[in-house]
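Asks: Got query-v2.csv for you, CSV, C-alpha atoms and all ligand atoms:
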chain,number,residue,atom,x,y,z
A,3,MET,CA,-21.1,49.1,-3.3
A,4,THR,CA,-22.4,46.9,-0.5
A,5,ALA,CA,-21.3,48.4,2.9
A,6,PRO,CA,-18.7,46.2,4.6
A,7,ALA,CA,-20.0,44.3,7.6
A,8,PRO,CA,-18.2,45.1,10.9
A,9,ARG,CA,-15.2,42.9,11.5
A,10,ASP,CA,-15.6,40.5,14.4
A,11,ARG,CA,-12.2,40.5,16.1
A,12,ARG,CA,-13.2,37.4,18.2
A,13,ALA,CA,-13.6,35.3,15.0
A,14,PRO,CA,-11.2,32.3,15.1
A,15,ASP,CA,-8.7,31.9,12.3
A,16,ALA,CA,-8.5,29.0,10.0
A,17,THR,CA,-5.8,27.1,11.9
A,18,THR,CA,-7.9,27.4,15.1
A,19,LEU,CA,-10.9,26.0,13.3
A,20,LEU,CA,-8.9,23.1,11.9
A,21,SER,CA,-8.2,22.0,15.5
A,22,VAL,CA,-11.9,22.0,16.6
A,23,ARG,CA,-13.0,18.5,17.6
A,24,ASP,CA,-15.8,19.0,20.1
A,25,ARG,CA,-18.4,20.0,17.6
A,26,THR,CA,-19.2,20.0,13.9
A,27,LEU,CA,-18.5,23.2,12.1
A,28,VAL,CA,-20.5,24.7,9.3
A,29,MET,CA,-19.1,25.8,5.9
A,30,GLY,CA,-21.5,28.0,3.9
A,31,VAL,CA,-21.4,27.8,0.1
A,32,VAL,CA,-21.1,30.8,-2.2
A,33,ASN,CA,-21.1,29.6,-5.8
A,34,VAL,CA,-20.3,32.5,-8.1
A,35,THR,CA,-21.3,30.5,-11.1
A,36,PRO,CA,-24.0,30.6,-13.8
A,37,ASP,CA,-24.6,26.9,-13.7
A,38,SER,CA,-24.1,25.1,-10.3
A,39,PHE,CA,-26.7,22.4,-9.9
A,40,SER,CA,-27.7,23.6,-6.4
A,41,ASP,CA,-28.0,27.3,-6.7
A,42,GLY,CA,-27.1,27.9,-10.4
A,43,GLY,CA,-26.9,31.6,-11.3
A,44,GLU,CA,-28.5,32.8,-8.2
A,45,TRP,CA,-25.3,34.5,-6.9
A,46,PHE,CA,-23.6,35.0,-10.2
A,47,GLU,CA,-23.5,38.8,-9.9
A,48,GLN,CA,-20.7,40.0,-7.7
A,49,GLU,CA,-22.7,42.2,-5.4
A,50,ALA,CA,-25.3,39.5,-4.9
A,51,ALA,CA,-22.6,37.0,-4.1
A,52,ILE,CA,-21.0,39.3,-1.5
A,53,THR,CA,-24.3,39.9,0.1
A,54,HIS,CA,-25.1,36.2,0.1
A,55,GLY,CA,-21.7,35.5,1.7
A,56,ARG,CA,-22.5,38.0,4.5
A,57,ASP,CA,-25.9,36.4,5.0
A,58,VAL,CA,-24.3,32.9,5.2
A,59,LEU,CA,-21.9,34.2,7.9
A,60,ALA,CA,-24.6,35.9,9.8
A,61,ALA,CA,-26.6,32.7,9.7
A,62,GLY,CA,-23.8,31.0,11.6
A,63,ALA,CA,-21.3,29.7,9.1
A,64,HIS,CA,-17.7,29.3,10.5
A,65,ILE,CA,-16.2,29.3,7.1
A,66,VAL,CA,-17.5,30.7,3.8
A,67,ASP,CA,-16.5,28.6,0.7
A,68,VAL,CA,-16.2,30.7,-2.5
A,69,GLY,CA,-16.2,28.9,-5.8
A,70,GLY,CA,-16.2,30.0,-9.5
A,71,GLU,CA,-16.3,26.7,-11.3
A,72,SER,CA,-19.4,24.5,-11.4
A,73,THR,CA,-18.6,20.8,-10.9
A,74,ARG,CA,-22.0,19.5,-11.8
A,75,PRO,CA,-21.8,16.3,-14.0
A,76,GLY,CA,-20.9,17.2,-17.5
A,77,ALA,CA,-20.0,20.9,-16.8
A,78,GLU,CA,-17.5,22.6,-19.0
A,79,ARG,CA,-14.6,24.4,-17.2
A,80,PRO,CA,-14.4,28.3,-17.2
A,81,SER,CA,-11.1,29.9,-18.3
A,82,VAL,CA,-8.7,30.8,-15.6
A,83,GLU,CA,-9.4,34.5,-16.3
A,84,GLU,CA,-13.1,34.0,-15.9
A,85,GLU,CA,-12.7,32.0,-12.7
A,86,LEU,CA,-10.6,34.8,-11.2
A,87,ARG,CA,-13.0,37.4,-12.4
A,88,ARG,CA,-15.8,35.6,-10.5
A,89,VAL,CA,-14.2,34.8,-7.2
A,90,LEU,CA,-11.6,37.5,-6.4
A,91,PRO,CA,-14.0,40.4,-5.6
A,92,VAL,CA,-16.1,38.1,-3.4
A,93,VAL,CA,-13.1,36.7,-1.6
A,94,THR,CA,-11.6,40.2,-1.1
A,95,ALA,CA,-14.8,41.6,0.4
A,96,LEU,CA,-15.6,38.7,2.7
A,97,ALA,CA,-12.0,38.4,3.9
A,98,ALA,CA,-12.0,42.1,4.6
A,99,ASP,CA,-15.0,41.6,6.8
A,100,GLY,CA,-12.9,39.2,8.9
A,101,ALA,CA,-14.4,36.0,7.6
A,102,VAL,CA,-12.5,32.7,7.3
A,103,VAL,CA,-12.8,32.2,3.5
A,104,SER,CA,-12.0,29.0,1.7
A,105,ILE,CA,-11.4,29.0,-2.0
A,106,ASP,CA,-13.1,26.2,-3.9
A,107,THR,CA,-10.8,25.7,-6.9
A,108,MET,CA,-8.7,23.0,-8.7
A,109,ARG,CA,-6.3,25.6,-10.1
A,110,ALA,CA,-3.1,26.7,-8.2
A,111,SER,CA,-3.2,30.1,-9.9
A,112,VAL,CA,-6.7,30.8,-8.7
A,113,ALA,CA,-5.9,29.5,-5.2
A,114,ARG,CA,-2.8,31.7,-5.1
A,115,ALA,CA,-4.7,34.8,-6.2
A,116,ALA,CA,-7.5,34.1,-3.7
A,117,VAL,CA,-5.1,33.6,-0.8
A,118,GLU,CA,-3.4,36.9,-1.7
A,119,ALA,CA,-6.9,38.4,-1.6
A,120,GLY,CA,-7.5,37.0,1.9
A,121,ALA,CA,-8.6,33.4,1.6
A,122,SER,CA,-7.0,31.1,4.2
A,123,ILE,CA,-8.2,27.6,3.3
A,124,VAL,CA,-7.8,25.8,-0.1
A,125,ASN,CA,-10.7,23.5,-0.9
A,126,ASP,CA,-9.7,21.4,-3.9
A,127,VAL,CA,-12.3,18.8,-5.1
A,128,SER,CA,-9.5,17.1,-7.0
A,129,GLY,CA,-7.4,16.7,-3.9
A,130,GLY,CA,-4.5,18.3,-5.8
A,131,LEU,CA,-4.7,15.9,-8.7
A,132,ALA,CA,-6.0,18.3,-11.3
A,133,ASP,CA,-3.1,20.8,-11.2
A,134,PRO,CA,0.4,19.6,-10.5
A,135,GLU,CA,1.3,23.1,-9.1
A,136,MET,CA,-1.3,23.0,-6.4
A,137,VAL,CA,0.2,20.7,-3.8
A,138,PRO,CA,3.8,22.0,-3.8
A,139,TRP,CA,2.5,25.5,-3.4
A,140,VAL,CA,0.0,24.6,-0.6
A,141,ALA,CA,2.8,22.7,1.2
A,142,ALA,CA,5.3,25.5,0.8
A,143,ASN,CA,2.9,28.0,2.3
A,144,ARG,CA,1.6,25.6,5.0
A,145,LEU,CA,-2.0,26.3,4.0
A,146,PRO,CA,-5.0,24.4,5.3
A,147,PHE,CA,-6.0,22.1,2.5
A,148,ILE,CA,-9.3,20.2,1.9
A,149,ALA,CA,-8.7,17.2,-0.3
A,150,MET,CA,-11.8,15.5,-1.7
A,151,HIS,CA,-12.1,12.0,-3.2
A,152,TRP,CA,-12.0,12.5,-6.9
A,153,ARG,CA,-11.7,10.3,-10.0
A,154,GLY,CA,-11.7,12.9,-12.8
A,155,HIS,CA,-13.3,16.1,-14.2
A,156,SER,CA,-17.0,16.6,-14.4
A,157,THR,CA,-17.1,15.6,-18.1
A,158,ALA,CA,-15.8,12.1,-17.3
A,159,MET,CA,-16.7,11.4,-13.7
A,160,GLN,CA,-20.0,9.6,-14.1
A,161,SER,CA,-18.4,6.8,-16.2
A,162,ARG,CA,-15.9,6.3,-13.3
A,163,ALA,CA,-18.7,5.6,-10.7
A,164,VAL,CA,-17.6,1.9,-10.5
A,165,TYR,CA,-16.6,0.3,-7.2
A,166,ASP,CA,-16.1,-3.1,-5.7
A,167,ASP,CA,-17.1,-1.8,-2.3
A,168,VAL,CA,-17.6,1.9,-2.4
A,169,VAL,CA,-16.8,2.5,1.3
A,170,ALA,CA,-13.6,0.4,1.3
A,171,ASP,CA,-12.5,1.8,-2.1
A,172,VAL,CA,-13.1,5.5,-1.1
A,173,VAL,CA,-11.4,5.1,2.2
A,174,ARG,CA,-8.4,3.3,0.5
A,175,GLU,CA,-8.1,5.9,-2.3
A,176,LEU,CA,-8.4,8.8,0.2
A,177,GLY,CA,-5.8,7.2,2.4
A,178,GLU,CA,-3.5,7.0,-0.6
A,179,ARG,CA,-4.1,10.6,-1.4
A,180,ARG,CA,-3.5,11.5,2.3
A,181,ASP,CA,-0.1,9.7,2.2
A,182,ALA,CA,0.9,11.4,-1.1
A,183,LEU,CA,-0.1,14.8,0.3
A,184,LEU,CA,1.8,14.4,3.5
A,185,GLU,CA,4.8,13.0,1.6
A,186,ALA,CA,4.7,16.2,-0.6
A,187,GLY,CA,4.9,18.3,2.6
A,188,VAL,CA,1.3,19.2,3.3
A,189,ASP,CA,1.1,19.8,7.1
A,190,GLU,CA,-0.8,16.9,8.8
A,191,ASP,CA,-2.5,19.4,11.1
A,192,HIS,CA,-3.7,21.3,8.1
A,193,LEU,CA,-5.2,18.5,6.1
A,194,VAL,CA,-8.9,17.8,5.8
A,195,LEU,CA,-10.3,14.9,3.8
A,196,ASP,CA,-13.7,14.6,2.1
A,197,PRO,CA,-15.5,11.5,0.7
A,198,GLY,CA,-16.8,13.5,-2.3
A,199,LEU,CA,-20.5,12.7,-2.4
A,200,GLY,CA,-21.8,12.9,-5.9
A,201,PHE,CA,-18.4,12.9,-7.5
A,202,ALA,CA,-18.0,9.7,-9.6
A,203,LYS,CA,-20.7,8.3,-7.3
A,204,ASN,CA,-24.3,7.3,-8.0
A,205,ALA,CA,-27.1,7.5,-5.4
A,206,ASP,CA,-26.4,4.0,-4.0
A,207,HIS,CA,-22.8,4.9,-3.5
A,208,ASN,CA,-23.7,8.1,-1.7
A,209,TRP,CA,-26.1,6.3,0.6
A,210,ALA,CA,-23.5,3.6,1.4
A,211,LEU,CA,-21.0,6.4,2.4
A,212,MET,CA,-23.7,8.1,4.4
A,213,ALA,CA,-24.3,4.9,6.3
A,214,ALA,CA,-20.6,4.4,7.0
A,215,LEU,CA,-19.6,8.0,8.1
A,216,PRO,CA,-17.8,6.9,11.3
A,217,SER,CA,-15.5,4.6,9.3
A,218,LEU,CA,-14.0,7.8,7.7
A,219,HIS,CA,-12.2,8.3,11.0
A,220,ASP,CA,-10.0,5.5,10.0
A,221,LEU,CA,-8.2,8.1,7.8
A,222,GLY,CA,-7.0,9.9,10.9
A,223,GLN,CA,-7.8,13.4,9.6
A,224,PRO,CA,-10.7,15.8,10.1
A,225,ILE,CA,-13.5,15.0,7.7
A,226,LEU,CA,-15.7,17.4,5.8
A,227,LEU,CA,-19.0,16.3,4.2
A,228,GLY,CA,-20.6,17.9,1.2
A,229,ALA,CA,-24.1,16.4,0.9
A,230,SER,CA,-26.0,19.6,0.6
A,231,ARG,CA,-28.8,19.6,-2.0
A,232,LYS,CA,-27.1,16.8,-4.0
A,233,ALA,CA,-29.3,14.8,-6.4
A,234,PHE,CA,-29.6,11.7,-4.2
A,235,LEU,CA,-31.4,14.0,-1.7
A,236,GLY,CA,-33.9,15.0,-4.4
A,237,ARG,CA,-35.0,11.5,-5.1
A,238,VAL,CA,-35.2,10.1,-1.5
A,239,GLY,CA,-38.7,9.4,-0.4
A,240,ARG,CA,-40.2,10.1,-3.9
A,241,ASP,CA,-42.3,7.5,-5.7
A,242,GLN,CA,-40.6,5.5,-8.5
A,243,GLY,CA,-40.8,7.6,-11.6
A,244,ALA,CA,-41.8,10.8,-9.8
A,245,ALA,CA,-39.8,14.0,-10.7
A,246,PRO,CA,-37.0,14.6,-8.1
A,247,ARG,CA,-37.4,17.6,-5.8
A,248,PRO,CA,-35.7,20.7,-7.2
A,249,ALA,CA,-32.3,21.5,-5.7
A,250,ALA,CA,-33.6,24.5,-3.7
A,251,ASP,CA,-36.2,22.2,-2.1
A,252,ARG,CA,-33.7,19.7,-0.6
A,253,ASP,CA,-32.7,21.6,2.6
A,254,VAL,CA,-34.8,19.5,5.0
A,255,GLU,CA,-33.0,16.4,3.6
A,256,THR,CA,-29.7,18.2,3.9
A,257,THR,CA,-30.2,19.0,7.6
A,258,ALA,CA,-30.7,15.2,8.1
A,259,THR,CA,-27.3,14.6,6.6
A,260,SER,CA,-25.8,17.3,8.8
A,261,VAL,CA,-27.2,15.6,11.9
A,262,MET,CA,-25.7,12.3,10.7
A,263,ALA,CA,-22.4,14.0,10.2
A,264,ALA,CA,-22.4,15.5,13.6
A,265,MET,CA,-23.5,12.3,15.3
A,266,ALA,CA,-20.5,10.6,13.5
A,267,GLY,CA,-18.2,13.3,14.8
A,268,LEU,CA,-17.2,14.8,11.5
A,269,TRP,CA,-15.3,18.0,11.5
A,270,CYS,CA,-17.5,20.1,9.2
A,271,VAL,CA,-20.5,20.1,6.8
A,272,ARG,CA,-20.5,22.2,3.6
A,273,VAL,CA,-24.1,23.5,3.1
A,274,HIS,CA,-26.1,26.0,1.1
A,275,ASP,CA,-28.7,26.8,3.7
A,276,VAL,CA,-26.6,27.5,6.8
A,277,ALA,CA,-29.5,28.6,9.0
A,278,SER,CA,-31.2,25.3,9.1
A,279,THR,CA,-28.0,23.3,9.6
A,280,ALA,CA,-26.8,25.6,12.3
A,281,ARG,CA,-30.0,25.1,14.1
A,282,VAL,CA,-30.1,21.3,13.9
A,283,LEU,CA,-26.5,21.1,15.0
A,284,THR,CA,-27.4,23.0,18.2
A,285,VAL,CA,-29.7,20.0,19.0
A,286,VAL,CA,-27.0,17.5,18.5
A,287,GLN,CA,-24.5,19.6,20.5
A,288,ALA,CA,-27.0,19.9,23.4
A,289,ALA,CA,-27.4,16.1,23.5
A,290,LEU,CA,-23.6,15.5,23.2
A,291,GLU,CA,-23.0,17.9,26.1
A,292,HIS,CA,-25.2,15.7,28.3
A,293,ALA,CA,-23.7,12.4,27.2
A,294,PRO,CA,-21.9,10.3,29.7
A,295,ASP,CA,-18.1,10.1,29.5
A,296,ASP,CA,-18.3,6.9,27.4
A,297,VAL,CA,-20.2,8.4,24.5
A,298,ASP,CA,-19.7,5.5,22.1
A,299,ASP,CA,-23.3,4.4,22.3
A,300,LEU,CA,-24.6,7.8,21.2
A,301,VAL,CA,-22.1,8.9,18.7
A,302,GLY,CA,-20.0,5.9,17.6
A,303,ASP,CA,-16.2,6.1,17.5
A,304,LEU,CA,-15.4,9.7,18.3
A,305,ASP,CA,-12.4,11.7,19.3
A,306,ARG,CA,-14.3,13.9,21.8
B,1,LIG,N1,-19.3,19.7,-3.7
B,1,LIG,C1,-19.4,20.7,-4.6
B,1,LIG,C2,-18.4,21.7,-4.7
B,1,LIG,N2,-17.4,21.7,-3.9
B,1,LIG,N3,-16.2,20.8,-2.1
B,1,LIG,C3,-16.0,19.8,-1.2
B,1,LIG,N4,-14.9,19.9,-0.4
B,1,LIG,N5,-16.9,18.8,-1.0
B,1,LIG,C4,-18.0,18.7,-1.9
B,1,LIG,O1,-18.8,17.8,-1.7
B,1,LIG,C5,-18.2,19.7,-2.8
B,1,LIG,C6,-17.2,20.8,-2.9
B,1,LIG,C7,-20.5,20.6,-5.6
B,1,LIG,O2,-21.6,21.2,-5.0
B,1,LIG,P1,-22.2,22.7,-5.3
B,1,LIG,O3,-22.4,22.8,-6.7
B,1,LIG,O4,-23.4,22.8,-4.5
B,1,LIG,O5,-21.1,23.6,-4.8
Step by step, read the file and then write its structure as C-alpha cells.
Ligand code: PMM
Replies:
Amino acid sequence: MTAPAPRDRRAPDATTLLSVRDRTLVMGVVNVTPDSFSDGGEWFEQEAAITHGRDVLAAGAHIVDVGGESTRPGAERPSVEEELRRVLPVVTALAADGAVVSIDTMRASVARAAVEAGASIVNDVSGGLADPEMVPWVAANRLPFIAMHWRGHSTAMQSRAVYDDVVADVVRELGERRDALLEAGVDEDHLVLDPGLGFAKNADHNWALMAALPSLHDLGQPILLGASRKAFLGRVGRDQGAAPRPAADRDVETTATSVMAAMAGLWCVRVHDVASTARVLTVVQAALEHAPDDVDDLVGDLDR
C-alpha cells in the first residue's frame, strides 16, 4: 500500500473553491483508464493512479479529477461495475488525504458512490444529459456540478460537430443547459460550465472557442476549460501532412491555453501536467496583481 500523504488542514473545501474569482484554479487529471487519448493506460493500475494523484496535488492542483471512462472519439463505454472498480479506491485514498476530489463521470450511480467515498464535486461531460438520475440527485444533495457542452456519446460525437457559428451556438446551448439545471434545482453558486473542447468539435471549432474565451462570461457562471493535450494542440505549428505531436508532448501548447484562460478570467483549467500550468499561472497572477484598477485592457471583461 502507498503511505497516505499528510492531511493539509488548511486546504479549502469545494464550496470555497467554487467562489474563487481572483485567480484561475488548476484541476489535475487522474484518468484510471486503459485508453484515454492523453495518458492512456499510464495510471490504470490503482496504486499508480493514487501515487499520480498525490503527485498532481503536490505539483499545485487545487482539485484532482478522477475518471474511469475514456471519452476519446469512438471509445466504447466500460460497465458500471468496471467504472466503479477503477475510480473508487483512488477517490477514497485521495479524499482521505484531504484533497478536493471531483469525480469525472456521466453516471449517477458512479457519482453517488464516489461522493460517499469522499469526492465533493461532480464533473459530468454530458452536463447531466447522459443519465436522467444525475441532475435530481446532484440538486437534492446541493453538490458542486461541472456541466460541459455535449452533443452525444463518444461513438457519435464527431458526426455532430456541425455549427452555424460555433461560439454563438455553444454559448446558446450551454445557456439552455444552465437554465434547465437551475430549474431542476442545481444551486446557482454550485454550477460551473465548460465549453467542451474536442467534444463534437473539430480543430477549427476549438480554435474559435479559444479565441472567444471572454465571451463565455456571458453565461454568468464560473467557467472551466479542458484544453489539455487535446488533438488540436498536437497539430498546431506542424507542417501540412506532418504527424501530430504525441499527446504526452503537448504540455507546452497546453500551458499557452492555460495562460489564455487565466487572461480571460476563467475559473479553472483542467490539465494533465499540473506543474507547468501552475508555474505559468504564477506569471499571469503576478501581472494581474500589478494591474491598474481598470484592468479591462489587460484581461478583457473580468469579474475581479
Ligand atoms: N475532457 C476530457 C475528460 N473530462 N471534463 C471536463 N469538464 N472538460 C473537459 O474538457 C474534459 C473532461 C477528455 O480528456 P482526457 O481524456 O484527457 O481526460
Asks: Go ahead and compute the interatomic distance for atom CA of Gly200 of chain A and atom CA of Thr279 of chain A, in Å to one decimal.
Replies: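 Distance reported for this atom pair: 19.7 Å.
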Asks: Report, in Å with one decimal, the straight-line distance from atom CA of Asp106 of chain A to atom CA of Val124 of chain A.
Replies: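 That distance, rounded to one decimal, is 6.5 Å.
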Asks: Quick one: of A:Gly69, A:Pro216, A:Pro91, A:Gly55, who's nearest to Gly120 of chain A, counting only C-alpha atoms?
Replies: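 Selected residue with least distance to Gly120 of chain A: A:Pro91.
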Asks: 10 Å from ligand LIG 1 (chain B) is the threshold here; counting only C-alpha atoms and all ligand atoms, which polymer residues fall inside it? Answer as JSON, numbers by chain.
Replies: {"A": [29, 30, 31, 32, 33, 34, 35, 37, 38, 39, 40, 41, 42, 67, 68, 69, 70, 71, 72, 73, 74, 75, 104, 105, 106, 107, 124, 125, 126, 127, 128, 129, 147, 148, 149, 150, 151, 152, 194, 195, 196, 197, 198, 199, 200, 201, 225, 226, 227, 228, 229, 230, 231, 232, 249, 270, 271, 272, 273, 274]}
Asks: So which residues touch Ala163 of chain A within 7 Å, counting only C-alpha atoms, skipping near sequence neighbours fewer than 6 positions away, as a list in words?
Replies: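 Returned residues: Ala202, Lys203 and Asn204 of chain A.
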Asks: Can I get the selection written as a JSON list (two decimals), keeping the file's coordinate frame, with C-alpha atoms?
Replies:
[["chain", "number", "residue", "atom", "x", "y", "z"],
["A", 202, "ALA", "CA", -18.00, 9.70, -9.60],
["A", 203, "LYS", "CA", -20.70, 8.30, -7.30],
["A", 204, "ASN", "CA", -24.30, 7.30, -8.00]]
Asks: Show which residues sit within 10 Å of Asp251 of chain A, as a list in words. Count all atoms listed in the file, and ignore same-chain residues fewer than 4 positions away.
Replies: Ser40, Arg231, Leu235, Gly236, Pro246, Arg247, Glu255 and Thr256 of chain A
Asks: Kindly give the distance, in Å, that separates atom CA of Ser81 of chain A and atom CA of Glu135 of chain A, rounded to a single decimal.
Replies: 16.9 Å
